[in-house]
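Chemist: Below is final.cif; it holds mmCIF, C-alpha atoms and all ligand atoms.
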data_work
loop_
_atom_site.label_atom_id
_atom_site.label_comp_id
_atom_site.auth_asym_id
_atom_site.auth_seq_id
_atom_site.Cartn_x
_atom_site.Cartn_y
_atom_site.Cartn_z
CA MET N 1 69.53 46.35 169.00
CA SER N 2 66.09 47.61 167.87
CA LEU N 3 63.59 47.37 165.07
CA THR N 4 64.17 49.93 162.36
CA THR N 5 63.24 51.01 158.86
CA ASP N 6 66.76 51.93 157.79
CA MET N 7 67.63 52.17 154.14
CA LYS N 8 70.55 53.46 152.15
CA THR N 9 70.87 54.94 148.68
CA ALA N 10 72.04 52.11 146.46
CA LEU N 11 75.23 51.94 144.46
CA PHE N 12 75.16 50.76 140.84
CA TYR N 13 71.97 52.15 139.35
CA GLN N 14 71.03 54.70 136.74
CA LYS N 15 67.97 56.89 136.32
CA LEU N 16 66.12 56.13 133.12
CA ASP N 17 63.62 58.99 133.49
CA ASP N 18 61.96 60.90 136.34
CA SER N 19 60.43 57.78 137.85
CA LYS N 20 62.23 54.76 136.40
CA VAL N 21 65.63 53.31 137.38
CA ARG N 22 67.81 50.46 136.24
CA CYS N 23 69.82 48.54 138.85
CA PHE N 24 73.02 47.01 137.52
CA LEU N 25 74.30 45.32 140.66
CA CYS N 26 73.47 41.86 139.33
CA PRO N 27 72.90 40.35 135.88
CA HIS N 28 69.13 40.66 136.20
CA ASN N 29 69.62 44.40 135.57
CA CYS N 30 66.10 45.08 136.86
CA ILE N 31 64.21 48.09 135.54
CA LEU N 32 62.03 49.41 138.36
CA THR N 33 59.12 51.80 138.32
CA ASN N 34 58.27 53.87 141.40
CA ASN N 35 57.83 51.87 144.62
CA LYS N 36 58.73 48.55 143.01
CA LEU N 37 61.21 46.09 144.50
CA GLY N 38 63.78 44.27 142.40
CA ILE N 39 63.77 40.50 141.98
CA CYS N 40 65.96 40.31 145.10
CA GLY N 41 63.14 41.74 147.22
CA VAL N 42 65.28 44.34 149.02
CA ARG N 43 66.23 47.09 146.53
CA ARG N 44 63.44 49.54 145.82
CA ASN N 45 62.78 52.50 143.58
CA ARG N 46 61.55 55.35 145.77
CA SER N 47 60.58 58.39 143.72
CA GLY N 48 63.19 57.80 141.06
CA ASP N 49 66.12 56.75 143.28
CA LEU N 50 67.19 53.24 144.22
CA TYR N 51 67.57 52.20 147.86
CA ASN N 52 68.93 49.17 149.66
CA GLU N 53 66.23 48.62 152.26
CA THR N 54 68.18 46.05 154.27
CA TYR N 55 71.00 48.42 155.22
CA GLU N 56 71.90 47.65 158.88
CA LYS N 57 69.15 44.99 159.03
CA VAL N 58 70.20 41.57 160.21
CA SER N 59 68.24 38.32 160.37
CA SER N 60 71.01 36.13 161.85
CA ILE N 61 74.30 36.75 163.62
CA HIS N 62 76.53 33.99 165.03
CA PHE N 63 80.13 33.03 165.59
CA ASP N 64 80.67 30.00 163.34
CA PRO N 65 83.58 27.71 162.56
CA ILE N 66 84.86 28.93 159.20
CA GLU N 67 84.44 25.35 157.93
CA LYS N 68 80.67 25.88 158.16
CA LYS N 69 80.70 28.42 155.29
CA PRO N 70 82.20 26.10 153.88
CA LEU N 71 85.77 27.37 153.61
CA TYR N 72 88.30 24.55 154.18
CA HIS N 73 91.44 26.26 152.85
CA PHE N 74 91.11 29.68 154.44
CA LEU N 75 92.09 30.02 158.11
CA PRO N 76 91.22 26.37 158.90
CA GLY N 77 90.03 25.72 162.45
CA LYS N 78 89.25 29.41 163.12
CA ILE N 79 85.94 31.07 164.00
CA ILE N 80 84.33 33.96 162.17
CA LEU N 81 81.44 36.27 162.96
CA SER N 82 78.72 35.46 160.43
CA ILE N 83 75.82 37.71 159.53
CA GLY N 84 72.92 37.55 157.12
CA SER N 85 69.80 39.46 156.25
CA ILE N 86 66.94 38.54 153.90
CA GLY N 87 66.36 38.24 150.17
CA CYS N 88 68.12 36.69 147.23
CA ASN N 89 68.40 37.46 143.53
CA LEU N 90 67.93 33.77 142.66
CA LYS N 91 64.82 31.67 143.17
CA CYS N 92 66.15 28.17 143.71
CA SER N 93 63.32 25.68 144.16
CA PHE N 94 65.62 23.62 146.45
CA CYS N 95 66.81 26.55 148.63
CA GLN N 96 67.87 25.33 152.06
CA ASN N 97 67.43 28.86 153.51
CA CYS N 98 64.15 29.79 151.83
CA GLU N 99 62.64 31.25 155.03
CA ILE N 100 65.01 34.20 154.77
CA SER N 101 66.20 34.07 151.14
CA GLN N 102 62.76 34.20 149.60
CA ALA N 103 61.41 36.87 151.94
CA THR N 104 61.14 40.53 150.90
CA VAL N 105 61.36 43.66 153.03
CA ASP N 106 57.58 43.94 152.72
CA ASP N 107 56.78 40.58 154.29
CA PHE N 108 59.70 40.02 156.71
CA ARG N 109 59.68 42.94 159.10
CA TRP N 110 61.22 41.52 162.26
CA LEU N 111 64.84 42.24 161.41
CA ASN N 112 67.26 43.48 164.03
CA HIS N 113 69.13 46.72 163.63
CA TYR N 114 72.90 46.64 163.89
CA SER N 115 74.90 49.69 162.87
CA VAL N 116 78.17 49.14 161.03
CA GLU N 117 80.10 50.10 164.17
CA GLU N 118 78.08 47.71 166.36
CA ILE N 119 78.97 44.83 164.04
CA VAL N 120 82.63 45.85 164.03
CA ASP N 121 82.62 46.05 167.84
CA ILE N 122 81.12 42.55 168.16
CA ALA N 123 83.72 41.21 165.73
CA THR N 124 86.67 42.83 167.45
CA ASP N 125 85.57 42.13 171.04
CA LYS N 126 85.52 38.35 170.64
CA ALA N 127 88.84 36.66 171.39
CA GLY N 128 89.96 34.44 168.52
CA ASN N 129 87.53 35.84 165.98
CA THR N 130 89.15 36.28 162.56
CA GLY N 131 86.70 38.72 160.99
CA LEU N 132 83.36 38.74 159.20
CA SER N 133 81.51 36.37 156.95
CA TYR N 134 78.57 37.63 154.89
CA THR N 135 76.34 34.60 154.50
CA TYR N 136 72.97 32.88 155.25
CA ASN N 137 71.05 34.77 152.54
CA GLU N 138 72.67 36.21 149.38
CA PRO N 139 75.07 38.92 150.60
CA THR N 140 75.61 40.78 147.32
CA ILE N 141 72.11 42.26 147.46
CA HIS N 142 72.91 44.12 150.68
CA TYR N 143 76.08 45.29 149.00
CA GLU N 144 76.32 48.73 150.61
CA TYR N 145 76.10 47.35 154.17
CA MET N 146 78.63 44.62 153.36
CA LEU N 147 81.05 47.10 151.77
CA ASP N 148 80.84 49.52 154.70
CA ILE N 149 81.43 46.79 157.29
CA ALA N 150 84.14 45.11 155.23
CA THR N 151 86.03 48.39 154.87
CA ARG N 152 86.04 48.87 158.66
CA ILE N 153 86.99 45.23 159.26
CA LYS N 154 90.01 45.63 156.97
CA GLU N 155 91.04 48.73 158.92
CA LYS N 156 91.03 46.51 162.02
CA LYS N 157 93.40 44.07 160.19
CA MET N 158 90.78 41.33 160.17
CA TYR N 159 89.43 39.23 157.29
CA ASN N 160 86.24 39.38 155.23
CA THR N 161 84.67 36.38 153.55
CA MET N 162 81.44 35.95 151.64
CA VAL N 163 79.25 33.01 150.67
CA SER N 164 77.49 33.83 147.45
CA ASN N 165 75.69 32.50 144.39
CA GLY N 166 78.17 34.53 142.32
CA TYR N 167 75.35 36.32 140.49
CA ILE N 168 76.89 39.77 140.45
CA ASN N 169 78.02 42.05 137.63
CA PRO N 170 81.77 42.53 137.09
CA GLU N 171 81.94 46.22 138.12
CA PRO N 172 80.55 45.76 141.65
CA LEU N 173 82.55 42.57 142.09
CA ILE N 174 85.80 44.32 141.20
CA LYS N 175 85.01 47.20 143.57
CA LEU N 176 84.57 44.67 146.38
CA MET N 177 87.82 42.82 145.84
CA PRO N 178 90.21 45.08 147.79
CA VAL N 179 88.26 44.42 151.00
CA MET N 180 87.05 40.84 150.47
CA ASP N 181 89.60 38.15 151.27
CA ALA N 182 87.82 34.89 150.48
CA PHE N 183 84.73 33.70 148.70
CA ASN N 184 82.66 30.55 148.58
CA ILE N 185 80.73 30.57 145.30
CA ASP N 186 77.90 28.18 144.42
CA LEU N 187 78.23 26.53 141.06
CA LYS N 188 74.83 24.89 141.04
CA ALA N 189 75.10 22.96 137.80
CA PHE N 190 76.82 23.18 134.46
CA THR N 191 73.88 23.81 132.14
CA GLU N 192 71.95 26.96 131.31
CA ASP N 193 68.82 24.82 131.39
CA PHE N 194 69.30 23.99 135.11
CA TYR N 195 69.86 27.64 136.06
CA LYS N 196 66.83 28.75 134.06
CA LYS N 197 64.44 26.06 135.34
CA HIS N 198 65.50 25.72 138.95
CA SER N 199 67.09 29.06 139.92
CA LYS N 200 65.51 31.56 137.48
CA ALA N 201 68.93 32.79 136.44
CA LYS N 202 71.79 32.12 134.03
CA LEU N 203 74.94 30.04 134.35
CA GLN N 204 77.31 32.21 132.30
CA PRO N 205 77.52 35.18 134.74
CA VAL N 206 78.50 32.76 137.54
CA LEU N 207 81.30 31.36 135.38
CA GLU N 208 82.42 34.94 134.66
CA THR N 209 82.51 35.66 138.42
CA LEU N 210 84.70 32.61 139.04
CA LYS N 211 87.08 33.58 136.22
CA LEU N 212 87.31 37.14 137.53
CA LEU N 213 88.13 35.96 141.07
CA HIS N 214 90.81 33.69 139.64
CA GLN N 215 92.28 36.46 137.46
CA HIS N 216 92.46 38.78 140.48
CA GLY N 217 94.20 36.12 142.58
CA LYS N 218 91.45 35.99 145.22
CA HIS N 219 90.97 32.97 147.44
CA PHE N 220 87.76 31.21 146.47
CA GLU N 221 86.18 27.80 146.93
CA ILE N 222 83.27 26.33 144.97
CA THR N 223 80.21 24.54 146.32
CA ASN N 224 78.17 22.24 144.11
CA LEU N 225 74.95 20.93 145.68
CA VAL N 226 74.30 17.56 144.04
CA ILE N 227 70.59 16.90 143.42
CA PRO N 228 69.58 13.47 142.10
CA THR N 229 68.43 13.48 138.44
CA LEU N 230 68.85 17.26 138.10
CA ASN N 231 72.63 17.78 138.09
CA ASP N 232 74.22 14.40 138.82
CA ASP N 233 74.79 13.24 135.24
CA PRO N 234 78.44 12.07 135.28
CA LEU N 235 79.05 13.32 131.72
CA VAL N 236 77.86 16.87 132.41
CA PHE N 237 79.57 16.81 135.80
CA GLY N 238 82.80 15.73 134.06
CA LYS N 239 82.53 18.72 131.71
CA MET N 240 82.19 21.01 134.72
CA ILE N 241 85.32 19.53 136.27
CA ASP N 242 87.19 19.98 132.95
CA TRP N 243 86.11 23.63 132.86
CA ILE N 244 87.18 24.21 136.49
CA CYS N 245 90.54 22.59 135.86
CA GLU N 246 91.23 24.48 132.63
CA GLU N 247 89.92 27.92 133.64
CA LEU N 248 90.61 28.00 137.39
CA GLY N 249 93.35 25.45 137.90
CA GLU N 250 93.90 22.00 139.37
CA PHE N 251 94.26 23.39 142.91
CA THR N 252 90.74 24.82 142.98
CA VAL N 253 88.80 23.74 146.08
CA LEU N 254 85.49 22.02 145.31
CA HIS N 255 82.85 21.07 147.88
CA LEU N 256 80.29 18.50 146.74
CA SER N 257 77.35 18.93 149.04
CA ARG N 258 74.58 16.47 149.78
CA TYR N 259 71.07 17.76 149.04
CA PHE N 260 68.06 17.15 151.31
CA PRO N 261 64.45 17.88 150.24
CA HIS N 262 63.39 21.39 151.17
CA TYR N 263 61.21 24.27 149.99
CA LYS N 264 59.57 23.34 146.65
CA MET N 265 61.76 20.33 145.90
CA ASN N 266 60.66 16.88 147.07
CA ILE N 267 63.16 14.68 145.23
CA SER N 268 64.72 12.23 147.73
CA SER N 269 68.04 13.18 149.32
CA THR N 270 71.25 12.44 147.43
CA PRO N 271 72.53 8.87 147.92
CA VAL N 272 76.04 8.87 149.36
CA SER N 273 77.02 6.51 146.52
CA THR N 274 76.18 9.26 143.97
CA LEU N 275 78.39 11.72 145.82
CA GLU N 276 81.21 9.20 145.96
CA ARG N 277 80.97 8.54 142.21
CA LEU N 278 81.16 12.25 141.42
CA TYR N 279 83.91 12.70 144.01
CA ASN N 280 86.02 10.11 142.15
CA ILE N 281 85.42 11.88 138.81
CA ALA N 282 86.44 15.22 140.30
CA ARG N 283 89.53 13.79 142.00
CA GLU N 284 90.91 12.66 138.64
CA LYS N 285 91.52 16.33 137.78
CA LEU N 286 91.35 18.33 141.02
CA HIS N 287 93.50 17.94 144.13
CA TYR N 288 91.07 19.35 146.68
CA VAL N 289 87.58 17.83 146.58
CA TYR N 290 85.38 17.53 149.67
CA LEU N 291 82.08 15.91 150.55
CA GLY N 292 79.67 18.09 152.53
CA ASN N 293 76.69 16.96 154.64
CA VAL N 294 78.14 13.42 154.81
CA ALA N 295 78.99 12.60 158.43
CA GLY N 296 82.36 11.07 159.21
CA SER N 297 83.45 10.92 155.59
CA GLU N 298 87.11 10.61 154.54
CA GLY N 299 86.15 13.22 151.97
CA GLN N 300 86.42 15.92 154.63
CA ASN N 301 90.18 15.65 155.08
CA THR N 302 92.94 17.54 153.26
CA TYR N 303 95.86 15.57 151.86
CA CYS N 304 99.13 16.82 150.42
CA PRO N 305 98.69 17.08 146.63
CA PHE N 306 102.29 15.83 146.15
CA CYS N 307 102.87 12.98 148.65
CA HIS N 308 99.25 12.39 149.87
CA HIS N 309 100.19 12.83 153.53
CA LEU N 310 97.23 13.76 155.78
CA LEU N 311 97.49 17.52 156.37
CA ILE N 312 94.19 18.49 157.99
CA SER N 313 91.60 16.13 159.46
CA ARG N 314 88.01 17.17 160.05
CA PHE N 315 85.20 15.52 161.93
CA GLY N 316 82.09 17.63 161.81
CA TYR N 317 83.43 21.07 162.68
CA ASN N 318 86.39 19.75 164.66
CA THR N 319 89.51 20.53 162.68
CA SER N 320 93.05 19.29 163.43
CA ILE N 321 96.01 20.58 161.47
CA THR N 322 98.53 17.79 162.01
CA GLY N 323 100.51 17.44 158.79
CA LEU N 324 100.96 21.07 157.79
CA GLY N 325 103.58 23.37 159.22
CA VAL N 326 102.91 27.00 160.12
CA ASP N 327 105.04 27.82 157.07
CA GLY N 328 102.40 26.14 154.88
CA LYS N 329 104.70 23.22 153.99
CA CYS N 330 103.81 19.53 154.16
CA LYS N 331 105.57 18.04 157.18
CA LYS N 332 106.33 14.84 155.25
CA CYS N 333 107.60 15.94 151.81
CA GLY N 334 108.50 19.51 152.74
CA LEU N 335 106.80 21.06 149.71
CA LEU N 336 104.76 24.24 149.94
CA VAL N 337 101.07 23.24 149.71
CA PRO N 338 99.28 25.48 147.18
CA ASN N 339 96.07 27.37 147.84
CA ILE N 340 95.85 27.13 151.63
CA VAL N 341 95.78 30.28 153.76
CA LEU N 342 96.72 29.65 157.39
S1 LIG N 401 70.39 43.40 142.80
FE1 LIG N 401 68.15 43.15 142.93
S2 LIG N 401 67.30 45.00 142.01
FE2 LIG N 401 69.45 44.90 141.41
S3 LIG N 401 69.45 43.89 139.41
FE3 LIG N 401 69.76 42.29 140.95
S4 LIG N 401 67.74 41.51 141.47
FE4 LIG N 401 67.45 43.45 140.39
S1 LIG N 402 71.10 31.32 145.57
FE1 LIG N 402 71.24 30.28 147.53
S2 LIG N 402 70.07 31.57 148.97
FE2 LIG N 402 69.51 32.16 146.88
S3 LIG N 402 67.67 30.98 146.44
FE3 LIG N 402 69.43 29.86 145.62
S4 LIG N 402 70.02 28.43 147.25
FE4 LIG N 402 68.69 30.00 148.18
#
Show me, as structure tokens, the structure contained in the file I just sent.
Modeler:
Amino acid sequence: MSLTTDMKTALFYQKLDDSKVRCFLCPHNCILTNNKLGICGVRRNRSGDLYNETYEKVSSIHFDPIEKKPLYHFLPGKIILSIGSIGCNLKCSFCQNCEISQATVDDFRWLNHYSVEEIVDIATDKAGNTGLSYTYNEPTIHYEYMLDIATRIKEKKMYNTMVSNGYINPEPLIKLMPVMDAFNIDLKAFTEDFYKKHSKAKLQPVLETLKLLHQHGKHFEITNLVIPTLNDDPLVFGKMIDWICEELGEFTVLHLSRYFPHYKMNISSTPVSTLERLYNIAREKLHYVYLGNVAGSEGQNTYCPFCHHLLISRFGYNTSITGLGVDGKCKKCGLLVPNIVL
């Protein structure tokens, strides 16, 4: 482990002339003149070529319960090596990880160097580890590092998961799918206005990402951070649930997460009663809805969608699989429970 200035030629860009490039990794499609960084703060035009300047640069590395991602229906109760770097292509005023997500390679220099093989060795050496999770900051923007590690992890017969804002163009997303096993995607709100005002982005590309994951049969779960007055209108929320149900299916996993004031946002934290109201709206259409950041809530458990038997109970990050057989069937009604990977 050492400090480094590693960088890697980026994928997904085109030269516009001798000095200008266009990056098409994410829907911002930044056009960059020489020496400029993209909106994400980590991809730079150097003399007419685009580089990922966070290749092999890590801000955080931990073994986490997979529930912490959150992923509740993918390898429940298991641990996963989780890594992150810096930067993000969104600018959420409520970001809970702003210290790393809003940093650029120019102002956050104390990153640790881990080669692809070092990360793979750490992942494979730990007993019980299931693979890699790309998380903490937005992982798509260090795409090349993630793809190289994920390819090696698959060769080791382990799993890859990523926690993302879903703001990625279809071509890079499709290229990632053969090596990425599970996704948690933020769906921050269901209006373009929210995305524009509070995240400096657009809603539609995130919806396209979710539809693409569904069409390709990938395991994904959705996280919606509920912020009072900004995205807790029951009518708009109901439209989002209708869209999820119609486009992605009634067995889609939805995490409703409690917001706390952070970064530029000083609205008071979400009342538990608001979360419970939205939870009840979501449960009318979706079978798997969870409450995040609410200690000891019933809304953390998984119940059989057919007979309502308790399948998996969770308290904090303690997970007990009591009602689900290793064959994925409910121990009470005997039916195969959809959309859970054990
Ligand atoms: S990944 Fe970064 S440089 Fe590329 S288009 Fe998105 S914000 Fe711009
Ligand atoms: S997408 Fe996530 S990491 Fe990026 S700014 Fe928004 S909340 Fe922070």
Chemist: Report as AutoDock Vina command-line options the centre and the edge lengths, in Å to one decimal, of the axis-aligned box holding every listed atom of ligand LIG 402 (chain N), padded by 3 Å on each side.
Modeler:
--center_x 69.5 --center_y 30.3 --center_z 147.3 --size_x 9.6 --size_y 9.7 --size_z 9.4
Chemist: For a test of reading the model, state the distance in Å between CA of Thr104 in chain N and CA of Ile222 in chain N, rounded to one decimal.
Modeler: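 Separation between CA of Thr104 in chain N and CA of Ile222 in chain N: 27.0 Å.
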Chemist: N:Ala10, N:Val341, N:Ile227, N:Leu25: which is nearest ligand LIG 401 (chain N), counting all atoms listed in the file?
Modeler: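 Of all the options, N:Leu25 lies closest to ligand LIG 401 (chain N).
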Chemist: How would you write, as a ChimeraX atom specification, the set of residues no farther than 8 Å from ligand LIG 401 (chain N) when counting all atoms listed in the file?
Modeler: /N:13,22-32,37-44,88-90,140-141,168
Chemist: Around ligand LIG 402 (chain N), out to 6 Å and counting only C-alpha atoms and all ligand atoms, which residues are there? I want them as number ranges by chain.
Modeler: N: 88, 90-92, 95, 97-98, 101, 137-138, 165
Chemist: Please provide as a PyMOL selection string all residues within 12 Å of range 113-121 of chain N, with the sequence filter that same-chain residues fewer than 4 positions apart are discarded (counting only C-alpha atoms).
Modeler: chain N and resi 1-7+53-63+81-85+109+125-127+129-134+144-160
Chemist: Using only C-alpha atoms, which protein or nucleic acid residues come within 10 Å of Ala189 in chain N? Drop anything in the same chain fewer than 6 positions from it, and give the result as a PDB file with C-alpha atoms, in the coordinates of the input.
Modeler:
ATOM      1  CA  TYR N 195      69.860  27.640 136.060  1.00  0.00           C
ATOM      2  CA  LEU N 203      74.940  30.040 134.350  1.00  0.00           C
ATOM      3  CA  ASN N 224      78.170  22.240 144.110  1.00  0.00           C
ATOM      4  CA  LEU N 225      74.950  20.930 145.680  1.00  0.00           C
ATOM      5  CA  VAL N 226      74.300  17.560 144.040  1.00  0.00           C
ATOM      6  CA  ILE N 227      70.590  16.900 143.420  1.00  0.00           C
ATOM      7  CA  LEU N 230      68.850  17.260 138.100  1.00  0.00           C
ATOM      8  CA  ASN N 231      72.630  17.780 138.090  1.00  0.00           C
ATOM      9  CA  ASP N 232      74.220  14.400 138.820  1.00  0.00           C
ATOM     10  CA  VAL N 236      77.860  16.870 132.410  1.00  0.00           C
ATOM     11  CA  PHE N 237      79.570  16.810 135.800  1.00  0.00           C
ATOM     12  CA  MET N 240      82.190  21.010 134.720  1.00  0.00           C
TER      13      MET N 240
END
Chemist: Please return as a PyMOL selection string every residue within 12 Å of (89.9, 27.8, 155.9), taking into account all atoms listed in the file and the file's own coordinates.
Modeler: chain N and resi 65-80+130+159+161+181-184+219-221+253+302+312+314+317+319-321+339-342
Chemist: If I take CA of Thr270 in chain N and CA of Arg258 in chain N, how far is one from the other in Å, to one decimal?
Modeler: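 So the two atoms, CA of Thr270 in chain N and CA of Arg258 in chain N, lie 5.7 Å apart.
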Chemist: Taking all atoms listed in the file into account, which of N:Cys304, N:Ile122, N:Leu310, N:Val294 comes nearest Leu335 in chain N?
Modeler: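 For Leu335 in chain N, the nearest of the given residues is N:Cys304.
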Chemist: At what distance in Å, to one decimal, does CA of Asn45 in chain N lie from CA of His142 in chain N?
Modeler: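 So the two atoms, CA of His142 in chain N and CA of Asn45 in chain N, lie 14.9 Å apart.
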Chemist: Quick one: residues within 6 Å of Lys20 in chain N, only C-alpha atoms counted, chain neighbours fewer than 4 positions away excluded, as JSON, numbers by chain?
Modeler: {"N": [16, 32, 33, 48]}
Chemist: Which residue out of N:Cys307, N:Val163, N:Leu286, N:Ala295 has the minimum interatomic distance to Glu246 in chain N when only C-alpha atoms are used?
Modeler: N:Leu286
Chemist: Skipping near chain neighbours, those fewer than 3 positions away, what residues fall within 10 Å of Lys331 in chain N using all atoms listed in the file, listed as a PyMOL selection string?
Modeler: chain N and resi 304+309-311+322-328+334-336
Chemist: Set the distance at 9 Å and use all atoms listed in the file: which residues neighbour Pro228 in chain N once local chain neighbours fewer than 3 positions away are removed? I'd like the list as an NGL selection string.
Modeler: :N and (231-233 or 259 or 267-271 or 274)
Chemist: Here is a test: counting all atoms listed in the file, which residue of N:His198, N:His216, N:Lys211, N:Lys264 is nearest to Ile244 in chain N?
Modeler: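 That would be N:Lys211, the residue with the smallest distance to Ile244 in chain N.
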Chemist: Quick one: of N:Pro205, N:Ser93, N:Asp186, N:Lys8, who's nearest to Pro261 in chain N, counting only C-alpha atoms?
Modeler: N:Ser93
Chemist: Of the residues N:Lys202, N:His255, N:Arg277, N:His262, which is the one nearest to Tyr290 in chain N, using all atoms listed in the file?
Modeler: N:His255
Chemist: Using the block above, I'd like range 320-331 of chain N written out, keeping N, CA, C and O atoms and formatting it as a PDB file, in the first residue's frame.
Modeler:
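The resulting out21.pdb:
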ATOM      1  N   SER N 320     -31.033 -13.502  10.340  1.00  0.00           N
ATOM      2  CA  SER N 320     -31.334 -14.922  10.581  1.00  0.00           C
ATOM      3  C   SER N 320     -32.299 -15.419   9.522  1.00  0.00           C
ATOM      4  O   SER N 320     -33.413 -14.904   9.382  1.00  0.00           O
ATOM      5  N   ILE N 321     -31.866 -16.450   8.799  1.00  0.00           N
ATOM      6  CA  ILE N 321     -32.730 -17.043   7.776  1.00  0.00           C
ATOM      7  C   ILE N 321     -33.420 -18.235   8.424  1.00  0.00           C
ATOM      8  O   ILE N 321     -32.841 -19.313   8.545  1.00  0.00           O
ATOM      9  N   THR N 322     -34.648 -18.046   8.865  1.00  0.00           N
ATOM     10  CA  THR N 322     -35.325 -19.101   9.627  1.00  0.00           C
ATOM     11  C   THR N 322     -36.434 -19.788   8.835  1.00  0.00           C
ATOM     12  O   THR N 322     -36.707 -20.966   9.035  1.00  0.00           O
ATOM     13  N   GLY N 323     -37.082 -19.021   7.936  1.00  0.00           N
ATOM     14  CA  GLY N 323     -38.261 -19.574   7.268  1.00  0.00           C
ATOM     15  C   GLY N 323     -38.049 -19.945   5.813  1.00  0.00           C
ATOM     16  O   GLY N 323     -39.009 -20.268   5.112  1.00  0.00           O
ATOM     17  N   LEU N 324     -36.791 -19.907   5.378  1.00  0.00           N
ATOM     18  CA  LEU N 324     -36.483 -20.152   3.963  1.00  0.00           C
ATOM     19  C   LEU N 324     -35.519 -21.330   3.862  1.00  0.00           C
ATOM     20  O   LEU N 324     -34.470 -21.331   4.513  1.00  0.00           O
ATOM     21  N   GLY N 325     -35.875 -22.300   3.058  1.00  0.00           N
ATOM     22  CA  GLY N 325     -35.001 -23.449   2.888  1.00  0.00           C
ATOM     23  C   GLY N 325     -33.831 -23.123   1.972  1.00  0.00           C
ATOM     24  O   GLY N 325     -33.870 -22.137   1.235  1.00  0.00           O
ATOM     25  N   VAL N 326     -32.805 -23.995   1.997  1.00  0.00           N
ATOM     26  CA  VAL N 326     -31.651 -23.754   1.117  1.00  0.00           C
ATOM     27  C   VAL N 326     -32.041 -23.881  -0.355  1.00  0.00           C
ATOM     28  O   VAL N 326     -31.341 -23.421  -1.255  1.00  0.00           O
ATOM     29  N   ASP N 327     -33.203 -24.520  -0.600  1.00  0.00           N
ATOM     30  CA  ASP N 327     -33.715 -24.619  -1.969  1.00  0.00           C
ATOM     31  C   ASP N 327     -34.481 -23.359  -2.397  1.00  0.00           C
ATOM     32  O   ASP N 327     -35.018 -23.297  -3.497  1.00  0.00           O
ATOM     33  N   GLY N 328     -34.533 -22.361  -1.499  1.00  0.00           N
ATOM     34  CA  GLY N 328     -35.213 -21.103  -1.845  1.00  0.00           C
ATOM     35  C   GLY N 328     -36.727 -21.167  -1.687  1.00  0.00           C
ATOM     36  O   GLY N 328     -37.431 -20.244  -2.105  1.00  0.00           O
ATOM     37  N   LYS N 329     -37.222 -22.249  -1.044  1.00  0.00           N
ATOM     38  CA  LYS N 329     -38.674 -22.385  -0.857  1.00  0.00           C
ATOM     39  C   LYS N 329     -39.082 -21.995   0.563  1.00  0.00           C
ATOM     40  O   LYS N 329     -38.346 -22.245   1.527  1.00  0.00           O
ATOM     41  N   CYS N 330     -40.280 -21.407   0.668  1.00  0.00           N
ATOM     42  CA  CYS N 330     -40.830 -21.072   1.978  1.00  0.00           C
ATOM     43  C   CYS N 330     -41.072 -22.362   2.757  1.00  0.00           C
ATOM     44  O   CYS N 330     -41.668 -23.308   2.238  1.00  0.00           O
ATOM     45  N   LYS N 331     -40.604 -22.397   4.015  1.00  0.00           N
ATOM     46  CA  LYS N 331     -40.733 -23.624   4.802  1.00  0.00           C
ATOM     47  C   LYS N 331     -42.178 -23.875   5.205  1.00  0.00           C
ATOM     48  O   LYS N 331     -42.518 -24.987   5.601  1.00  0.00           O
TER      49      LYS N 331
END
